[in-house]
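Listing of target-v7.cif, mmCIF, C-alpha atoms (C1' of nucleotides)
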data_work
#
loop_
_atom_site.label_atom_id
_atom_site.label_comp_id
_atom_site.auth_asym_id
_atom_site.auth_seq_id
_atom_site.Cartn_x
_atom_site.Cartn_y
_atom_site.Cartn_z
CA MET A 29 0.00 0.00 0.00
CA PHE A 30 1.32 3.41 -0.98
CA SER A 31 0.39 6.82 0.28
CA ILE A 32 -0.30 9.47 -2.33
CA GLY A 33 3.17 10.92 -1.72
CA GLN A 34 4.88 7.60 -2.38
CA LEU A 35 2.81 7.10 -5.52
CA SER A 36 3.79 10.57 -6.63
CA LYS A 37 7.49 9.86 -6.15
CA ARG A 38 7.36 6.54 -7.98
CA THR A 39 5.45 7.85 -10.98
CA GLY A 40 6.66 11.42 -11.16
CA VAL A 41 3.05 12.67 -11.18
CA LYS A 42 2.50 15.53 -8.75
CA ILE A 43 0.14 15.00 -5.84
CA PRO A 44 -2.52 17.53 -6.87
CA THR A 45 -2.45 16.03 -10.35
CA ILE A 46 -3.17 12.57 -8.96
CA ARG A 47 -6.16 13.91 -7.12
CA TYR A 48 -7.22 15.71 -10.27
CA TYR A 49 -7.06 12.47 -12.28
CA GLU A 50 -9.21 10.81 -9.65
CA GLN A 51 -11.75 13.60 -9.94
CA MET A 52 -11.75 13.26 -13.73
CA GLY A 53 -12.44 9.54 -13.38
CA LEU A 54 -9.13 8.60 -15.02
CA ILE A 55 -8.10 6.54 -12.00
CA ASP A 56 -10.38 4.85 -9.50
CA ALA A 57 -10.81 6.35 -6.06
CA PRO A 58 -8.54 4.18 -3.89
CA GLU A 59 -9.25 2.81 -0.44
CA ARG A 60 -8.70 5.10 2.51
CA SER A 61 -6.81 4.70 5.77
CA GLU A 62 -8.65 5.04 9.06
CA GLY A 63 -7.71 8.70 9.01
CA ASN A 64 -9.18 9.16 5.52
CA GLN A 65 -5.91 9.20 3.58
CA ARG A 66 -5.61 7.55 0.17
CA ARG A 67 -3.91 4.14 0.04
CA TYR A 68 -2.91 2.78 -3.36
CA THR A 69 -2.21 -0.74 -4.58
CA LYS A 70 0.18 -1.95 -7.29
CA GLU A 71 -2.69 -1.77 -9.78
CA GLY A 72 -3.11 1.88 -8.98
CA LEU A 73 0.59 2.38 -9.49
CA SER A 74 0.70 0.75 -12.91
CA ARG A 75 -2.41 2.52 -14.10
CA LEU A 76 -0.94 5.86 -13.13
CA SER A 77 2.36 4.97 -14.80
CA PHE A 78 0.46 4.24 -17.99
CA ILE A 79 -1.20 7.63 -17.77
CA ARG A 80 2.05 9.41 -17.03
CA HIS A 81 3.79 7.81 -19.93
CA SER A 82 0.93 8.55 -22.30
CA ARG A 83 0.90 12.19 -21.21
CA ASP A 84 4.66 12.36 -21.78
CA LEU A 85 3.99 11.18 -25.30
CA GLY A 86 1.49 13.98 -25.66
CA PHE A 87 -1.77 12.05 -25.73
CA SER A 88 -4.78 13.99 -24.53
CA VAL A 89 -6.61 12.93 -21.42
CA GLU A 90 -9.56 11.89 -23.57
CA ASN A 91 -7.37 9.68 -25.74
CA ILE A 92 -5.81 8.19 -22.64
CA ARG A 93 -9.26 7.35 -21.39
CA GLY A 94 -9.80 5.31 -24.55
CA LEU A 95 -6.39 3.67 -24.42
CA LEU A 96 -6.86 2.69 -20.78
CA GLU A 97 -10.25 1.22 -21.57
CA LEU A 98 -8.66 -0.84 -24.35
CA SER A 99 -5.80 -2.01 -22.17
CA GLN A 100 -8.38 -3.55 -19.84
CA HIS A 101 -9.61 -5.79 -22.66
CA PRO A 102 -6.63 -7.72 -24.06
CA GLU A 103 -8.83 -9.93 -26.21
CA LYS A 104 -10.24 -7.03 -28.24
CA PRO A 105 -8.82 -6.00 -31.60
CA CYS A 106 -6.43 -3.11 -31.30
CA ASP A 107 -7.41 -1.10 -34.36
CA ASP A 108 -8.68 1.69 -32.12
CA ALA A 109 -5.38 1.94 -30.30
CA HIS A 110 -3.63 2.18 -33.66
CA SER A 111 -5.86 4.86 -35.01
CA ILE A 112 -5.47 6.94 -31.85
CA ALA A 113 -1.69 6.62 -32.09
CA VAL A 114 -1.55 7.30 -35.81
CA GLN A 115 -3.82 10.32 -35.51
CA HIS A 116 -1.68 11.65 -32.71
CA LEU A 117 1.44 11.12 -34.81
CA LYS A 118 -0.17 13.17 -37.58
CA ASP A 119 -1.00 15.95 -35.15
CA VAL A 120 2.57 15.99 -33.92
CA GLN A 121 3.87 16.15 -37.48
CA ASP A 122 1.52 19.02 -38.29
CA ARG A 123 2.71 20.91 -35.29
CA ILE A 124 6.33 20.33 -36.24
CA ALA A 125 5.69 21.63 -39.75
CA LYS A 126 3.98 24.72 -38.39
CA LEU A 127 6.74 25.41 -35.90
CA ARG A 128 9.39 25.04 -38.60
CA ARG A 129 7.70 27.73 -40.67
CA LEU A 130 7.64 29.93 -37.59
CA GLU A 131 11.27 29.18 -36.94
CA ARG A 132 12.27 30.30 -40.42
CA GLU A 133 10.35 33.54 -40.08
CA LEU A 134 11.63 34.28 -36.60
CA LYS A 135 15.21 33.64 -37.67
CA ARG A 136 14.82 36.09 -40.51
CA ILE A 137 13.24 38.71 -38.26
CA SER A 138 15.80 38.37 -35.49
CA LYS A 139 18.74 39.02 -37.76
CA CYS A 140 17.95 42.73 -37.71
CA ASP A 141 20.88 44.65 -36.27
CA SER A 142 19.38 48.10 -36.32
CA GLY A 143 19.87 50.29 -33.30
CA ASN A 144 16.43 51.66 -32.63
CA VAL A 145 12.79 50.83 -33.00
CA ALA A 146 12.20 53.16 -35.95
CA ASP A 147 13.86 50.79 -38.38
CA CYS A 148 13.85 47.54 -36.49
CA ALA A 149 12.91 44.52 -38.56
CA VAL A 150 11.16 42.83 -35.68
CA ILE A 151 8.70 45.65 -35.10
CA GLU A 152 8.34 46.43 -38.77
CA THR A 153 7.51 42.88 -39.73
CA LEU A 154 5.00 42.48 -36.96
CA ALA A 155 3.26 45.62 -38.08
CA ASP A 156 3.02 44.49 -41.67
CA HIS A 157 2.30 40.96 -42.68
CA ARG A 158 3.32 41.67 -46.27
CA LEU A 159 6.93 41.71 -45.13
CA CYS A 160 6.73 38.00 -44.36
CA GLU A 161 8.15 35.40 -46.65
CA THR A 162 6.07 32.43 -45.63
CA GLU A 163 2.41 31.92 -44.95
CA HIS A 164 1.09 31.43 -41.45
CA MET B 19 -14.82 54.30 -38.73
CA PHE B 20 -15.33 50.53 -38.55
CA SER B 21 -17.79 48.48 -36.59
CA ILE B 22 -16.41 45.55 -34.65
CA GLY B 23 -17.63 43.20 -37.36
CA GLN B 24 -15.79 45.08 -40.09
CA LEU B 25 -12.64 45.15 -37.97
CA SER B 26 -12.98 41.44 -37.45
CA LYS B 27 -13.26 40.76 -41.17
CA ARG B 28 -10.29 42.93 -42.05
CA THR B 29 -7.96 41.50 -39.44
CA GLY B 30 -9.21 37.95 -39.18
CA VAL B 31 -9.58 38.31 -35.40
CA LYS B 32 -12.90 37.00 -34.13
CA ILE B 33 -15.32 39.42 -32.52
CA PRO B 34 -15.27 37.96 -29.01
CA THR B 35 -11.48 37.91 -29.20
CA ILE B 36 -11.40 41.62 -30.01
CA ARG B 37 -13.55 42.36 -26.97
CA TYR B 38 -11.30 40.09 -24.94
CA TYR B 39 -8.20 42.03 -26.04
CA GLU B 40 -9.91 45.23 -25.02
CA GLN B 41 -10.64 43.79 -21.60
CA MET B 42 -7.01 42.68 -21.27
CA GLY B 43 -5.89 46.20 -22.06
CA LEU B 44 -4.11 45.11 -25.22
CA ILE B 45 -6.13 47.53 -27.33
CA ASP B 46 -7.70 50.77 -26.18
CA ALA B 47 -11.44 50.94 -25.67
CA PRO B 48 -12.65 52.68 -28.84
CA GLU B 49 -15.26 55.39 -29.12
CA ARG B 50 -18.88 54.37 -29.15
CA SER B 51 -21.80 55.16 -31.44
CA GLU B 52 -24.88 56.82 -30.00
CA GLY B 53 -26.30 53.37 -29.50
CA ASN B 54 -23.19 52.26 -27.55
CA GLN B 55 -21.56 50.23 -30.31
CA ARG B 56 -17.78 50.21 -30.78
CA ARG B 57 -16.39 52.37 -33.59
CA TYR B 58 -12.78 51.86 -34.61
CA THR B 59 -10.29 54.09 -36.41
CA LYS B 60 -7.42 53.16 -38.71
CA GLU B 61 -5.11 53.24 -35.70
CA GLY B 62 -7.26 50.62 -34.05
CA LEU B 63 -7.08 48.55 -37.20
CA SER B 64 -3.31 48.62 -37.46
CA ARG B 65 -2.80 47.91 -33.80
CA LEU B 66 -5.03 44.88 -34.03
CA SER B 67 -3.23 43.73 -37.17
CA PHE B 68 0.04 43.95 -35.29
CA ILE B 69 -1.43 41.80 -32.53
CA ARG B 70 -2.89 39.30 -34.94
CA HIS B 71 0.36 38.91 -36.75
CA SER B 72 2.34 38.54 -33.53
CA ARG B 73 -0.08 35.88 -32.30
CA ASP B 74 0.30 34.05 -35.61
CA LEU B 75 4.01 34.02 -34.98
CA GLY B 76 3.33 32.51 -31.58
CA PHE B 77 4.22 35.42 -29.30
CA SER B 78 2.44 35.41 -25.97
CA VAL B 79 0.03 38.16 -25.07
CA GLU B 80 2.50 39.43 -22.49
CA ASN B 81 5.28 39.63 -25.04
CA ILE B 82 2.98 41.39 -27.44
CA ARG B 83 2.22 43.93 -24.76
CA GLY B 84 5.95 44.71 -24.62
CA LEU B 85 6.37 44.78 -28.37
CA LEU B 86 3.40 47.13 -28.79
CA GLU B 87 4.78 49.43 -26.13
CA LEU B 88 8.10 49.52 -27.99
CA SER B 89 6.45 50.16 -31.32
CA GLN B 90 4.95 53.33 -29.84
CA HIS B 91 8.46 54.70 -29.20
CA PRO B 92 10.41 54.61 -32.47
CA GLU B 93 13.31 56.56 -30.98
CA LYS B 94 14.10 53.95 -28.35
CA PRO B 95 16.77 51.29 -28.81
CA CYS B 96 15.31 48.01 -29.98
CA ASP B 97 17.38 45.58 -27.93
CA ASP B 98 14.28 44.55 -26.02
CA ALA B 99 12.43 43.70 -29.19
CA HIS B 100 15.38 41.61 -30.28
CA SER B 101 15.65 39.73 -27.05
CA ILE B 102 11.94 38.95 -27.04
CA ALA B 103 12.18 37.65 -30.59
CA VAL B 104 15.36 35.67 -29.97
CA GLN B 105 13.97 34.13 -26.81
CA HIS B 106 10.84 33.17 -28.65
CA LEU B 107 12.88 31.62 -31.42
CA LYS B 108 14.68 29.52 -28.81
CA ASP B 109 11.38 28.40 -27.33
CA VAL B 110 10.15 27.41 -30.76
CA GLN B 111 13.32 25.45 -31.42
CA ASP B 112 13.02 23.66 -28.10
CA ARG B 113 9.48 22.69 -28.87
CA ILE B 114 10.51 21.41 -32.29
CA ALA B 115 13.22 19.27 -30.75
CA LYS B 116 10.81 17.84 -28.23
CA LEU B 117 8.18 17.09 -30.85
CA ARG B 118 10.74 15.38 -33.06
CA ARG B 119 11.62 13.01 -30.23
CA LEU B 120 7.91 12.30 -29.79
CA GLU B 121 7.53 11.77 -33.49
CA ARG B 122 10.27 9.13 -33.53
CA GLU B 123 8.72 7.27 -30.64
CA LEU B 124 5.19 7.45 -32.00
CA LYS B 125 6.36 6.20 -35.40
CA ARG B 126 7.99 3.25 -33.76
CA ILE B 127 4.92 2.46 -31.66
CA SER B 128 2.45 2.82 -34.52
CA LYS B 129 4.21 0.27 -36.67
CA CYS B 130 2.68 -2.54 -34.62
CA ASP B 131 0.52 -4.74 -36.84
CA SER B 132 -0.75 -7.11 -34.20
CA GLY B 133 -4.41 -8.02 -34.25
CA ASN B 134 -5.47 -7.62 -30.66
CA VAL B 135 -4.71 -5.66 -27.57
CA ALA B 136 -2.91 -8.48 -25.77
CA ASP B 137 0.24 -8.02 -27.83
CA CYS B 138 -0.23 -4.57 -29.27
CA ALA B 139 2.90 -2.44 -29.24
CA VAL B 140 0.96 0.75 -28.60
CA ILE B 141 -0.62 -0.46 -25.38
CA GLU B 142 2.45 -2.37 -24.31
CA THR B 143 4.75 0.58 -24.69
CA LEU B 144 2.43 2.93 -22.89
CA ALA B 145 2.27 0.52 -19.99
CA ASP B 146 6.01 0.21 -19.72
CA HIS B 147 8.36 3.10 -20.22
CA ARG B 148 11.34 0.75 -20.44
CA LEU B 149 10.17 -0.24 -23.91
CA CYS B 150 10.95 3.25 -25.16
CA GLU B 151 14.06 4.04 -27.09
CA THR B 152 14.36 7.72 -26.42
CA GLU B 153 14.01 9.84 -23.34
CA HIS B 154 11.02 12.07 -22.75
"C1'" DT C 9 4.03 9.26 25.96
"C1'" DA C 10 4.58 13.92 24.29
"C1'" DT C 11 5.69 16.68 20.68
"C1'" DA C 12 7.45 18.31 16.42
"C1'" DA C 13 7.99 17.62 11.60
"C1'" DT C 14 6.05 16.00 7.77
"C1'" DC C 15 2.37 14.47 5.25
"C1'" DC C 16 -2.38 14.54 3.80
"C1'" DC C 17 -7.28 16.28 3.55
"C1'" DT C 18 -11.06 19.34 1.08
"C1'" DC C 19 -12.38 23.37 -1.21
"C1'" DT C 20 -11.72 27.26 -3.96
"C1'" DA C 21 -9.57 29.95 -7.31
"C1'" DG C 22 -6.11 30.89 -10.78
"C1'" DT C 23 -3.27 29.98 -15.21
"C1'" DA C 24 -3.46 31.13 -21.13
"C1'" DG C 25 -6.15 32.49 -24.68
"C1'" DC C 26 -9.84 32.31 -26.08
"C1'" DT C 27 -15.00 30.48 -27.17
"C1'" DA C 28 -19.95 29.87 -26.29
"C1'" DT C 29 -24.37 31.06 -24.45
"C1'" DA C 30 -28.35 33.84 -22.86
"C1'" DG C 31 -31.05 37.69 -23.06
"C1'" DC C 32 -31.17 41.96 -24.51
"C1'" DT C 33 -30.57 46.48 -27.80
"C1'" DT C 34 -29.29 48.82 -32.14
"C1'" DC C 35 -28.69 49.33 -36.93
"C1'" DA C 36 -29.60 49.21 -41.92
"C1'" DA C 37 -32.34 47.78 -45.82
"C1'" DG C 38 -36.78 47.44 -48.04
"C1'" DC D 26 -42.31 50.59 -40.08
"C1'" DT D 27 -40.82 46.30 -39.82
"C1'" DT D 28 -37.61 42.66 -39.93
"C1'" DG D 29 -33.27 40.39 -39.72
"C1'" DA D 30 -28.54 40.93 -38.98
"C1'" DA D 31 -25.30 42.71 -36.01
"C1'" DG D 32 -23.91 44.37 -31.53
"C1'" DC D 33 -24.17 44.78 -26.35
"C1'" DT D 34 -22.99 42.81 -21.36
"C1'" DA D 35 -22.26 39.23 -18.25
"C1'" DT D 36 -21.23 34.72 -17.14
"C1'" DA D 37 -19.48 30.20 -17.75
"C1'" DG D 38 -16.64 26.74 -20.10
"C1'" DC D 39 -12.51 24.79 -22.45
"C1'" DT D 40 -7.37 21.86 -21.28
"C1'" DA D 41 -4.55 20.12 -17.94
"C1'" DC D 42 -3.15 21.30 -14.34
"C1'" DT D 43 -1.18 24.37 -10.09
"C1'" DA D 44 -1.43 27.16 -5.83
"C1'" DG D 45 -3.19 28.45 -1.46
"C1'" DA D 46 -5.94 28.43 2.84
"C1'" DG D 47 -7.11 26.19 6.83
"C1'" DG D 48 -7.36 22.32 8.83
"C1'" DG D 49 -6.43 16.82 10.39
"C1'" DA D 50 -3.25 12.40 10.25
"C1'" DT D 51 1.03 9.99 10.64
"C1'" DT D 52 5.57 9.19 11.97
"C1'" DA D 53 10.12 9.93 14.06
"C1'" DT D 54 12.47 11.32 17.82
"C1'" DA D 55 13.09 12.71 22.86
#
Render the structure in this file as structure tokens.
Amino acid sequence: MFSIGQLSKRTGVKIPTIRYYEQMGLIDAPERSEGNQRRYTKEGLSRLSFIRHSRDLGFSVENIRGLLELSQHPEKPCDDAHSIAVQHLKDVQDRIAKLRRLERELKRISKCDSGNVADCAVIETLADHRLCETEH
Amino acid sequence: MFSIGQLSKRTGVKIPTIRYYEQMGLIDAPERSEGNQRRYTKEGLSRLSFIRHSRDLGFSVENIRGLLELSQHPEKPCDDAHSIAVQHLKDVQDRIAKLRRLERELKRISKCDSGNVADCAVIETLADHRLCETEH
DNA sequence: TATAATCCCTCTAGTAGCTATAGCTTCAAG
DNA sequence: CTTGAAGCTATAGCTACTAGAGGGATTATA
């Protein structure tokens, strides 16, 4: 049996976040000690580790809900798990592409070595979209 | 003079967002018509365009506040504008690096072509961080 | 056993940057 | 003069937490 603090240390999930996940129904409410403190089992630990890891990989809480549900049913087909993962991969790739366009533009802007605001490329470009090279 | 709807169309900023910016003090409260509706000038238009463009480039509202303040003082040195832009560029690059690590891991996971959850790489990897190749 | 240090409890509110809704008023065209 | 679109305020909701107040529980040491 672990206290919430021990669970937090083992999983790297902060204490208020654990309570938040419980409130969201992502983890079951655990048993309580006589003094009303949460006491977790190994199941609780592995479920929270799953969540932590999924969050690290950027899955949304809603997706994690689905993935957890699936993981409880090993006999089911795993097409849903695949499509969640593949969709998430696409989202990540979209975000990368978008950020790379931003990066190019920001690099160009930041090169300005003017002394004052009147002819600073940063300010000028922000004020006028037509000075941009890429779409965004 | 533009109504809020016309301003919205010209800048691409949604109406509730314009009112939100006003509340945040990012744009000045404009004059009102007799019937209490907002009426904007060309200054209002260009300020909002500046904001829109900065948001598109991913600057935070707080950074935009600083950049707007600077843009009002053309005689000032523009070191601050540079450091905001350079810092933002760094943030963007960090996020790209992080997302690329995610991308690698998600690609690896998604390749699983198992039929059911019991031996699905997606679920398995989420349950056990040790199956990952990269850090995150 | 007493006490101090640490941990845990609930509840509420705050973060960023909007977006949505309800219930009303004003404006512009026919 | 009427009707439909557009605008008004105020409030609440979104994601995924995080922080703080004001208490009670547990544990280690004296």
Based on all atoms listed in the file, which of the residues in chain B come within 8 Å of chain A? I want them as an MDAnalysis selection string. chainID B and resid 64:65 67:69 71:72 74:76 85 88:89 91:97 99:100 103:104 107 110:111 114 117:118 120:121 124:125 127:128 130 132:138 140:141 144:147 154
Under the PyMOL selection byres ((chain C) within 12 of (chain B)), which residues of this model are included? Write them out as JSON, numbers by chain. {"C": [24, 25, 26, 27, 28, 33, 34, 35]}
Please produce, as a Markdown table, a per-residue contact table for chain D versus chain A (criterion: any atom at most 12 Å away, all atoms listed in the file considered), showing the nearest atom pair and its distance in Å to one decimal, sorted by chain then residue number.
| residue | atom | partner | partner_atom | distance |
| --- | --- | --- | --- | --- |
| D:DT40 | C1' | A:Ser88 | CA | 8.9 |
| D:DA41 | C1' | A:Val89 | CA | 8.2 |
| D:DC42 | C1' | A:Thr45 | CA | 6.6 |
| D:DT43 | C1' | A:Pro44 | CA | 7.7 |
| D:DA44 | C1' | A:Pro44 | CA | 9.7 |
| D:DG49 | C1' | A:Gly63 | CA | 8.3 |
| D:DA50 | C1' | A:Gly63 | CA | 5.9 |
| D:DT51 | C1' | A:Gly63 | CA | 9.0 |
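CA of Phe87 in chain A sits 24.2 Å away from CA of Tyr68 in chain A.
In this model, the gap between C1' of DA13 in chain C and CA of Val41 in chain A comes to 23.8 Å.
The space separating CA of Glu90 in chain A from CA of Leu54 in chain A comes to 9.2 Å.
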Within 6 Å of (-22.6, 46.8, -30.5) (file coordinates; only C-alpha atoms (C1' of nucleotides)), which protein or nucleic acid residues are there? I'd like them as a ChimeraX atom specification. /B:55-56 /D:32-33
Taking the file as I've supplied it (selection: the PyMOL selection byres ((chain D and resi 55) around 9)), which residues are included? Please answer as a count of residues only. 3
Starting from the shown file, work through the PyMOL selection byres ((chain C and resi 19) around 12) and note down what comes out as a PyMOL selection string. (chain C and resi 17-18+20-21) or (chain D and resi 45-48)
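The closest residue to Lys70 in chain A, picked from A:Gly53, A:Leu159, A:Glu97, A:Phe30 and counting all atoms listed in the file, is A:Phe30.
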Adding 8 Å on each side of the box along x, y and z that holds all listed atoms of range 13-32 of chain C, could you give its centre and edge lengths in Å to one decimal, as AutoDock Vina command-line options?
--center_x -11.6 --center_y 28.2 --center_z -7.8 --size_x 55.2 --size_y 43.5 --size_z 54.8
Any idea what's packed within 10 Å of Gln24 in chain B, counting only C-alpha atoms (C1' of nucleotides), ignoring anything in its chain fewer than 4 positions away? Could you give it as a VMD selection string? chain B and resid 19 to 20 28 to 30 33 57 to 58 63
